[in-house]
file work.cif (mmCIF, C-alpha atoms and all ligand atoms)
data_protein
#
loop_
_atom_site.label_atom_id
_atom_site.label_comp_id
_atom_site.auth_asym_id
_atom_site.auth_seq_id
_atom_site.Cartn_x
_atom_site.Cartn_y
_atom_site.Cartn_z
CA MET A 182 -67.27 132.97 28.91
CA THR A 183 -69.34 131.03 31.48
CA SER A 184 -69.05 127.26 31.88
CA SER A 185 -72.59 126.73 30.59
CA VAL A 186 -71.67 128.50 27.35
CA LEU A 187 -68.58 126.31 27.07
CA LEU A 188 -70.82 123.27 27.52
CA LEU A 189 -72.88 124.25 24.51
CA GLN A 190 -70.00 124.73 22.10
CA PRO A 191 -70.94 122.88 18.90
CA HIS A 192 -67.71 120.94 18.47
CA ALA A 193 -67.45 119.58 22.01
CA PHE A 194 -67.68 115.77 21.99
CA ASP A 195 -70.36 114.59 24.39
CA LEU A 196 -69.32 111.44 26.27
CA GLN A 197 -72.42 110.05 27.97
CA GLY A 198 -72.31 107.50 30.77
CA HIS A 199 -75.09 104.97 30.07
CA ARG A 200 -77.19 104.33 33.19
CA GLY A 201 -74.25 106.03 34.93
CA CYS A 202 -71.63 103.48 33.96
CA ARG A 203 -73.40 100.10 33.84
CA GLY A 204 -70.24 98.25 32.88
CA LEU A 205 -68.61 99.19 36.18
CA MET A 206 -71.32 99.94 38.77
CA PRO A 207 -74.95 98.86 39.36
CA GLU A 208 -77.02 100.60 36.69
CA ASN A 209 -78.95 103.81 37.34
CA THR A 210 -77.73 104.12 40.93
CA ILE A 211 -75.97 106.95 42.74
CA PRO A 212 -72.62 105.05 42.90
CA ALA A 213 -72.82 104.58 39.10
CA PHE A 214 -73.43 108.28 38.46
CA LEU A 215 -70.64 109.43 40.76
CA LYS A 216 -68.21 106.93 39.25
CA ALA A 217 -69.14 108.14 35.75
CA LEU A 218 -68.30 111.69 36.84
CA ASP A 219 -64.94 110.47 38.14
CA LEU A 220 -64.33 109.00 34.68
CA GLY A 221 -64.92 112.35 33.01
CA VAL A 222 -68.29 111.93 31.31
CA THR A 223 -69.83 115.13 29.99
CA THR A 224 -73.39 113.78 30.40
CA LEU A 225 -75.09 111.37 32.78
CA GLU A 226 -77.60 109.20 30.88
CA MET A 227 -80.45 107.75 32.96
CA ASP A 228 -83.98 106.37 32.72
CA VAL A 229 -87.01 107.38 34.76
CA VAL A 230 -90.37 105.86 35.64
CA ILE A 231 -93.17 107.07 37.94
CA SER A 232 -94.15 105.39 41.20
CA LYS A 233 -97.76 104.99 42.39
CA ASP A 234 -97.28 107.99 44.69
CA ASN A 235 -96.07 110.10 41.74
CA GLN A 236 -92.37 110.08 42.54
CA VAL A 237 -89.90 110.22 39.64
CA VAL A 238 -87.75 107.11 40.14
CA VAL A 239 -84.52 106.41 38.27
CA SER A 240 -84.91 102.94 36.74
CA HIS A 241 -84.62 101.39 33.30
CA ASP A 242 -87.24 98.70 33.82
CA PRO A 243 -90.72 99.53 35.07
CA TYR A 244 -90.37 96.47 37.35
CA PHE A 245 -87.74 94.78 39.53
CA ASN A 246 -85.43 92.92 37.18
CA ALA A 247 -84.70 89.42 38.50
CA THR A 248 -81.13 89.59 37.17
CA PHE A 249 -80.00 91.94 39.89
CA SER A 250 -82.80 92.68 42.40
CA ILE A 251 -82.97 91.41 45.97
CA ALA A 252 -86.28 91.70 47.81
CA PRO A 253 -86.53 93.21 51.33
CA ASP A 254 -86.66 89.64 52.75
CA GLY A 255 -83.10 89.13 51.42
CA LYS A 256 -84.12 86.71 48.65
CA PRO A 257 -83.35 87.39 44.98
CA VAL A 258 -86.44 88.32 42.96
CA ASP A 259 -87.63 85.27 41.06
CA LYS A 260 -87.84 85.55 37.25
CA LYS A 261 -91.50 84.52 37.30
CA ASP A 262 -92.34 87.29 39.81
CA GLN A 263 -90.36 90.16 38.30
CA LYS A 264 -93.10 91.48 36.05
CA ASN A 265 -95.57 91.57 38.94
CA LEU A 266 -93.36 94.01 40.80
CA ILE A 267 -94.44 96.98 38.73
CA LEU A 268 -92.88 100.24 39.87
CA TYR A 269 -95.82 102.26 38.57
CA GLN A 270 -98.01 100.32 41.06
CA MET A 271 -95.70 100.60 44.09
CA ASN A 272 -95.08 103.49 46.46
CA TYR A 273 -91.52 104.76 46.51
CA ALA A 274 -90.97 103.81 50.18
CA ASP A 275 -91.50 100.16 49.13
CA ILE A 276 -89.37 100.48 45.98
CA LYS A 277 -86.47 101.81 48.02
CA ARG A 278 -86.39 98.66 50.18
CA TYR A 279 -85.07 96.53 47.28
CA ASP A 280 -81.32 96.08 46.87
CA VAL A 281 -80.33 96.44 43.21
CA GLY A 282 -76.56 96.25 43.55
CA SER A 283 -75.34 93.34 45.71
CA GLU A 284 -76.27 90.67 43.21
CA GLY A 285 -74.18 92.13 40.37
CA ASN A 286 -75.02 91.53 36.72
CA SER A 287 -73.34 88.62 34.95
CA ALA A 288 -73.71 90.39 31.59
CA TYR A 289 -71.28 92.98 32.99
CA PRO A 290 -68.59 91.00 34.81
CA GLU A 291 -66.55 94.10 35.71
CA GLN A 292 -69.55 95.59 37.53
CA GLN A 293 -68.82 96.16 41.22
CA LYS A 294 -71.23 94.52 43.67
CA LEU A 295 -72.52 96.81 46.39
CA LYS A 296 -75.74 97.29 48.30
CA THR A 297 -77.73 100.13 46.81
CA TYR A 298 -81.26 101.09 45.76
CA LYS A 299 -83.25 102.77 43.01
CA PRO A 300 -82.92 106.51 43.70
CA LEU A 301 -85.27 109.40 43.01
CA LEU A 302 -84.36 111.74 40.15
CA SER A 303 -84.28 114.65 42.62
CA GLU A 304 -81.79 112.76 44.79
CA VAL A 305 -79.52 111.89 41.85
CA ILE A 306 -79.35 115.54 40.84
CA GLU A 307 -78.74 116.65 44.42
CA GLN A 308 -75.94 114.12 44.97
CA ALA A 309 -74.30 114.66 41.58
CA GLU A 310 -74.31 118.43 42.05
CA ALA A 311 -72.86 118.12 45.57
CA TYR A 312 -70.17 115.79 44.18
CA ARG A 313 -69.32 118.25 41.40
CA LYS A 314 -68.82 121.02 43.94
CA THR A 315 -66.75 118.87 46.33
CA LYS A 316 -64.50 117.58 43.56
CA ASN A 317 -64.47 120.86 41.64
CA LEU A 318 -65.59 119.08 38.46
CA PRO A 319 -66.60 120.91 35.27
CA LEU A 320 -70.31 121.34 34.51
CA PHE A 321 -71.94 118.28 32.96
CA SER A 322 -75.35 117.54 31.49
CA TYR A 323 -78.21 115.16 32.26
CA ASN A 324 -79.81 113.05 29.52
CA ILE A 325 -83.06 111.81 31.04
CA GLU A 326 -85.02 109.11 29.25
CA LEU A 327 -88.74 109.06 29.98
CA LYS A 328 -89.57 105.35 29.98
CA SER A 329 -93.08 105.77 28.76
CA GLU A 330 -94.78 102.87 27.00
CA PRO A 331 -97.77 103.81 24.80
CA SER A 332 -99.46 100.43 25.38
CA GLU A 333 -99.50 101.24 29.12
CA TYR A 334 -101.27 104.63 28.90
CA ASN A 335 -104.51 104.55 30.88
CA LYS A 336 -103.27 101.57 32.89
CA SER A 337 -100.95 102.12 35.83
CA GLN A 338 -98.63 104.42 33.88
CA PRO A 339 -99.53 108.10 33.86
CA GLU A 340 -100.44 109.72 30.56
CA PRO A 341 -97.71 111.74 28.77
CA ALA A 342 -98.95 115.10 30.12
CA VAL A 343 -98.75 113.87 33.73
CA PHE A 344 -95.39 112.11 33.18
CA CYS A 345 -93.87 115.28 31.70
CA GLU A 346 -95.42 117.49 34.40
CA LEU A 347 -93.85 115.43 37.21
CA VAL A 348 -90.40 115.45 35.58
CA GLN A 349 -90.48 119.12 34.65
CA ALA A 350 -91.39 120.11 38.22
CA ILE A 351 -88.11 118.59 39.45
CA LEU A 352 -86.00 120.05 36.66
CA HIS A 353 -87.58 123.44 37.13
CA LYS A 354 -86.46 123.45 40.79
CA GLN A 355 -83.02 121.88 40.42
CA LEU A 356 -81.38 122.46 37.02
CA SER A 357 -81.03 125.10 34.36
CA PRO A 358 -82.49 123.95 31.00
CA GLU A 359 -79.22 124.14 29.05
CA ARG A 360 -77.92 121.27 31.19
CA VAL A 361 -80.76 118.92 30.31
CA THR A 362 -81.76 116.65 27.45
CA ILE A 363 -85.08 114.80 27.51
CA GLN A 364 -85.00 111.63 25.40
CA SER A 365 -87.60 108.99 24.60
CA PHE A 366 -88.49 106.21 22.19
CA ASP A 367 -92.09 107.34 22.72
CA PHE A 368 -92.59 110.19 20.25
CA THR A 369 -95.87 111.17 21.97
CA ILE A 370 -93.84 112.11 25.04
CA LEU A 371 -91.42 114.20 22.95
CA LYS A 372 -94.32 115.96 21.22
CA GLN A 373 -95.89 116.62 24.62
CA TRP A 374 -92.65 118.16 25.93
CA LYS A 375 -92.20 120.29 22.80
CA GLN A 376 -95.74 121.62 23.12
CA GLY A 377 -95.29 122.34 26.86
CA ALA A 378 -92.00 124.14 26.18
CA ASP A 379 -93.49 126.16 23.30
CA GLU A 380 -96.33 127.22 25.60
CA GLY A 381 -93.80 128.26 28.26
CA LYS A 382 -94.99 125.60 30.75
CA TYR A 383 -91.91 123.33 30.61
CA PRO A 384 -88.20 124.20 30.46
CA LYS A 385 -86.75 124.56 26.96
CA VAL A 386 -84.40 121.59 27.20
CA ARG A 387 -82.80 119.69 24.30
CA LEU A 388 -85.06 116.96 22.90
CA SER A 389 -83.56 113.69 21.69
CA ALA A 390 -85.39 111.14 19.53
CA LEU A 391 -84.35 107.59 20.41
CA VAL A 392 -84.55 105.22 17.48
CA GLU A 393 -84.31 101.48 17.08
CA ASN A 394 -86.07 100.83 13.79
CA LEU A 395 -85.09 100.41 10.17
CA ARG A 396 -87.05 103.40 8.86
CA SER A 397 -85.07 106.26 7.31
CA SER A 398 -84.11 109.20 9.52
CA ALA A 399 -86.36 111.40 7.35
CA LYS A 400 -89.35 109.11 8.02
CA ASN A 401 -88.72 109.05 11.75
CA ILE A 402 -88.43 112.83 11.87
CA GLU A 403 -91.59 113.18 9.80
CA GLU A 404 -93.39 110.97 12.31
CA LEU A 405 -92.06 113.05 15.19
CA GLY A 406 -93.41 116.16 13.50
CA PHE A 407 -90.51 118.50 14.32
CA LYS A 408 -86.72 118.49 14.14
CA PRO A 409 -85.29 117.15 17.39
CA ASP A 410 -82.07 118.68 18.72
CA ILE A 411 -80.53 115.21 18.80
CA TYR A 412 -81.13 112.01 16.84
CA SER A 413 -80.07 109.03 18.93
CA PRO A 414 -80.08 105.67 17.13
CA TYR A 415 -78.82 102.24 18.09
CA PHE A 416 -75.22 102.56 16.89
CA ARG A 417 -75.35 99.66 14.44
CA LEU A 418 -78.12 101.45 12.49
CA LEU A 419 -75.85 104.39 11.77
CA SER A 420 -73.86 105.16 8.62
CA GLN A 421 -71.64 108.09 7.75
CA LYS A 422 -74.17 109.09 5.08
CA LYS A 423 -76.93 109.31 7.71
CA ILE A 424 -74.75 111.47 9.94
CA VAL A 425 -74.02 113.88 7.08
CA TRP A 426 -77.74 114.10 6.23
CA LEU A 427 -78.75 114.72 9.86
CA HIS A 428 -76.09 117.38 10.30
CA LYS A 429 -77.40 119.14 7.17
CA GLN A 430 -80.78 119.29 8.95
CA GLY A 431 -79.05 120.92 11.95
CA ILE A 432 -79.56 117.82 14.10
CA LYS A 433 -76.84 116.34 16.32
CA VAL A 434 -76.19 112.59 16.29
CA ILE A 435 -75.48 110.67 19.50
CA PRO A 436 -75.71 106.85 19.16
CA TRP A 437 -76.14 104.24 21.89
CA THR A 438 -74.83 101.96 23.38
CA VAL A 439 -71.25 101.88 22.15
CA ASN A 440 -69.05 99.69 24.33
CA GLN A 441 -66.15 98.60 22.11
CA ARG A 442 -63.23 100.95 21.56
CA LYS A 443 -63.05 100.14 17.84
CA ASP A 444 -66.69 101.18 17.38
CA MET A 445 -66.13 104.35 19.39
CA THR A 446 -63.15 105.27 17.20
CA ARG A 447 -65.02 104.57 13.94
CA LEU A 448 -68.11 106.55 14.96
CA LYS A 449 -66.02 109.49 16.12
CA LYS A 450 -64.21 109.50 12.74
CA TRP A 451 -67.60 109.47 11.02
CA GLY A 452 -68.45 112.68 12.85
CA VAL A 453 -70.92 111.77 15.62
CA ASP A 454 -71.41 114.51 18.21
CA GLY A 455 -71.04 112.16 21.13
CA LEU A 456 -71.79 108.62 22.20
CA ILE A 457 -73.50 106.78 25.01
CA THR A 458 -71.49 103.99 26.65
CA ASP A 459 -71.61 101.59 29.60
CA TYR A 460 -67.80 101.96 29.79
CA PRO A 461 -66.72 105.62 29.87
CA ASP A 462 -63.24 104.34 30.84
CA ARG A 463 -62.87 102.77 27.38
CA ALA A 464 -63.43 106.18 25.75
CA SER A 465 -60.46 107.76 27.47
CA GLY A 466 -58.45 109.96 25.06
CA LEU A 467 -60.84 109.24 22.18
O1 LIG B 1 -80.30 106.53 25.75
C1 LIG B 1 -80.11 105.52 24.89
C2 LIG B 1 -80.28 104.17 25.46
O2 LIG B 1 -80.22 104.26 26.83
C3 LIG B 1 -81.56 103.56 25.04
O3 LIG B 1 -81.64 102.24 25.39
O4 LIG B 1 -82.80 100.50 26.60
O5 LIG B 1 -80.63 101.31 27.43
O6 LIG B 1 -82.63 102.73 27.64
P1 LIG B 1 -81.93 101.68 26.85
CA CA B 2 -81.84 104.88 28.36
#
call {"tool": "encode", "arguments": {"input": "work.cif", "output": "structure tokens", "more": "lines below"}}
Ligand code: G3P
Ligand code: CA
result
Amino acid sequence: MTSSVLLLQPHAFDLQGHRGCRGLMPENTIPAFLKALDLGVTTLEMDVVISKDNQVVVSHDPYFNATFSIAPDGKPVDKKDQKNLILYQMNYADIKRYDVGSEGNSAYPEQQKLKTYKPLLSEVIEQAEAYRKTKNLPLFSYNIELKSEPSEYNKSQPEPAVFCELVQAILHKQLSPERVTIQSFDFTILKQWKQGADEGKYPKVRLSALVENLRSSAKNIEELGFKPDIYSPYFRLLSQKKIVWLHKQGIKVIPWTVNQRKDMTRLKKWGVDGLITDYPDRASGL
């Protein structure tokens, strides 16, 4: 049996490192992803946006967050300026000049402070794969969130078809589809990917519907228009009844962002297929 088959076994519990491991390292950076691998995650969760020069950049916010960003002149980004530093309107060479690690993040006091930058998706994959080989780690997956905002279509943000095209081009070159999940809160993006995959244009990856609303799972799935491989709600919206219903539909359930051990234990008992956490260390031996 190959390792990729092992990875797909239905009962394997999928421990996902949120933004790498935001509780311990600067979010969505290479040090965070490598640390998460050291801690034994089975999936690296990350967010991507698109720069003005069409590079796929790993970042949660489509701007430089004042909480933890230092401008090239060495000064912290001011709160009133942060939303003017839109990544979709900047070339990657300029984005890379900002330090997003030295400042730390007071919401995550255990987070290590170190100078680092927002990486490209291609670079994250390259570095994580090299690390896996050097350390002889088991195969892991990538859960890539397309941070697409419907209100921004036709502004600086590319339309769903362009967004998906840019991401798929990287995946196509660097990863086999069974190692990838594409997730989004934007159902238009998920529909776009499904259509591209059905037409044979995009890799047939797992698709995960992110949810943070009070509608029923059935309503959300109806709105999506197809059964996603994974249903991924904010963990406090989940009940055991919902998990049972989703499993009956053949859909896996992987909630976010679960940071307390007692919540991890409860959700695992309820039967979730995995969980996304800022603190993979707290999930040890779960
Ligand atoms: O992937 C789930 C989770 O990451 C969604 O929330 O805002 O941290 O991207 P957010
Ligand atoms: Ca995310």
call {"tool": "residues_near_ligand", "arguments": {"input": "work.cif", "ligand": "ligand LIG 1 (chain B)", "cutoff": "12 Å", "atoms": "all atoms listed in the file", "output": "MDAnalysis selection string"}}
result
chainID A and resid 197:203 208:209 224:230 239:243 323:329 362:367 388:393 411:416 434:439 455:459
call {"tool": "closest_residue", "arguments": {"input": "work.cif", "among": "A:Phe245, A:Gly285, A:Ser250, A:Phe214", "to": "Glu307 in chain A", "atoms": "all atoms listed in the file"}}
result
A:Phe214
call {"tool": "closest_residue", "arguments": {"input": "work.cif", "among": "A:Lys294, A:Lys385, A:Lys314, A:Lys299", "to": "Gln349 in chain A", "atoms": "all atoms listed in the file"}}
result
A:Lys385
call {"tool": "residues_around", "arguments": {"input": "work.cif", "residues": "range 375-379 of chain A", "least_positions_apart": "2", "cutoff": "10 Å", "atoms": "all atoms listed in the file", "output": "PDB file with C-alpha atoms, keeping the file's coordinate frame"}}
result
ATOM      1  CA  ALA A 342     -98.950 115.100  30.120  1.00  0.00           C
ATOM      2  CA  CYS A 345     -93.870 115.280  31.700  1.00  0.00           C
ATOM      3  CA  GLU A 346     -95.420 117.490  34.400  1.00  0.00           C
ATOM      4  CA  GLN A 349     -90.480 119.120  34.650  1.00  0.00           C
ATOM      5  CA  THR A 369     -95.870 111.170  21.970  1.00  0.00           C
ATOM      6  CA  ILE A 370     -93.840 112.110  25.040  1.00  0.00           C
ATOM      7  CA  LEU A 371     -91.420 114.200  22.950  1.00  0.00           C
ATOM      8  CA  LYS A 372     -94.320 115.960  21.220  1.00  0.00           C
ATOM      9  CA  GLN A 373     -95.890 116.620  24.620  1.00  0.00           C
ATOM     10  CA  GLY A 381     -93.800 128.260  28.260  1.00  0.00           C
ATOM     11  CA  LYS A 382     -94.990 125.600  30.750  1.00  0.00           C
ATOM     12  CA  TYR A 383     -91.910 123.330  30.610  1.00  0.00           C
ATOM     13  CA  PRO A 384     -88.200 124.200  30.460  1.00  0.00           C
ATOM     14  CA  LYS A 385     -86.750 124.560  26.960  1.00  0.00           C
ATOM     15  CA  VAL A 386     -84.400 121.590  27.200  1.00  0.00           C
ATOM     16  CA  ARG A 387     -82.800 119.690  24.300  1.00  0.00           C
ATOM     17  CA  LEU A 388     -85.060 116.960  22.900  1.00  0.00           C
ATOM     18  CA  PHE A 407     -90.510 118.500  14.320  1.00  0.00           C
ATOM     19  CA  PRO A 409     -85.290 117.150  17.390  1.00  0.00           C
TER      20      PRO A 409
END
call {"tool": "atom_distance", "arguments": {"input": "work.cif", "atom1": "CA of Gln421 in chain A", "atom2": "CA of Ser322 in chain A"}}
result
25.8 Å
call {"tool": "atom_distance", "arguments": {"input": "work.cif", "atom1": "CA of Asn317 in chain A", "atom2": "CA of Asp219 in chain A"}}
result
11.0 Å
call {"tool": "closest_residue", "arguments": {"input": "work.cif", "among": "A:Glu380, A:Asp234, A:Glu310, A:Asp262", "to": "Asn246 in chain A", "atoms": "only C-alpha atoms"}}
result
A:Asp262
call {"tool": "closest_atom_pairs", "arguments": {"input": "work.cif", "of": "range 337-385 of chain A", "to": "range 235-238 of chain A", "cutoff": "9 Å", "atoms": "all atoms listed in the file", "output": "Markdown table"}}
result
| residue | atom | partner | partner_atom | distance |
| --- | --- | --- | --- | --- |
| A:Pro339 | CA | A:Asn235 | CA | 8.8 |
| A:Phe344 | CA | A:Val237 | CA | 8.7 |
| A:Leu347 | CA | A:Val237 | CA | 7.0 |
| A:Val348 | CA | A:Val237 | CA | 6.6 |
| A:Ile351 | CA | A:Val237 | CA | 8.6 |
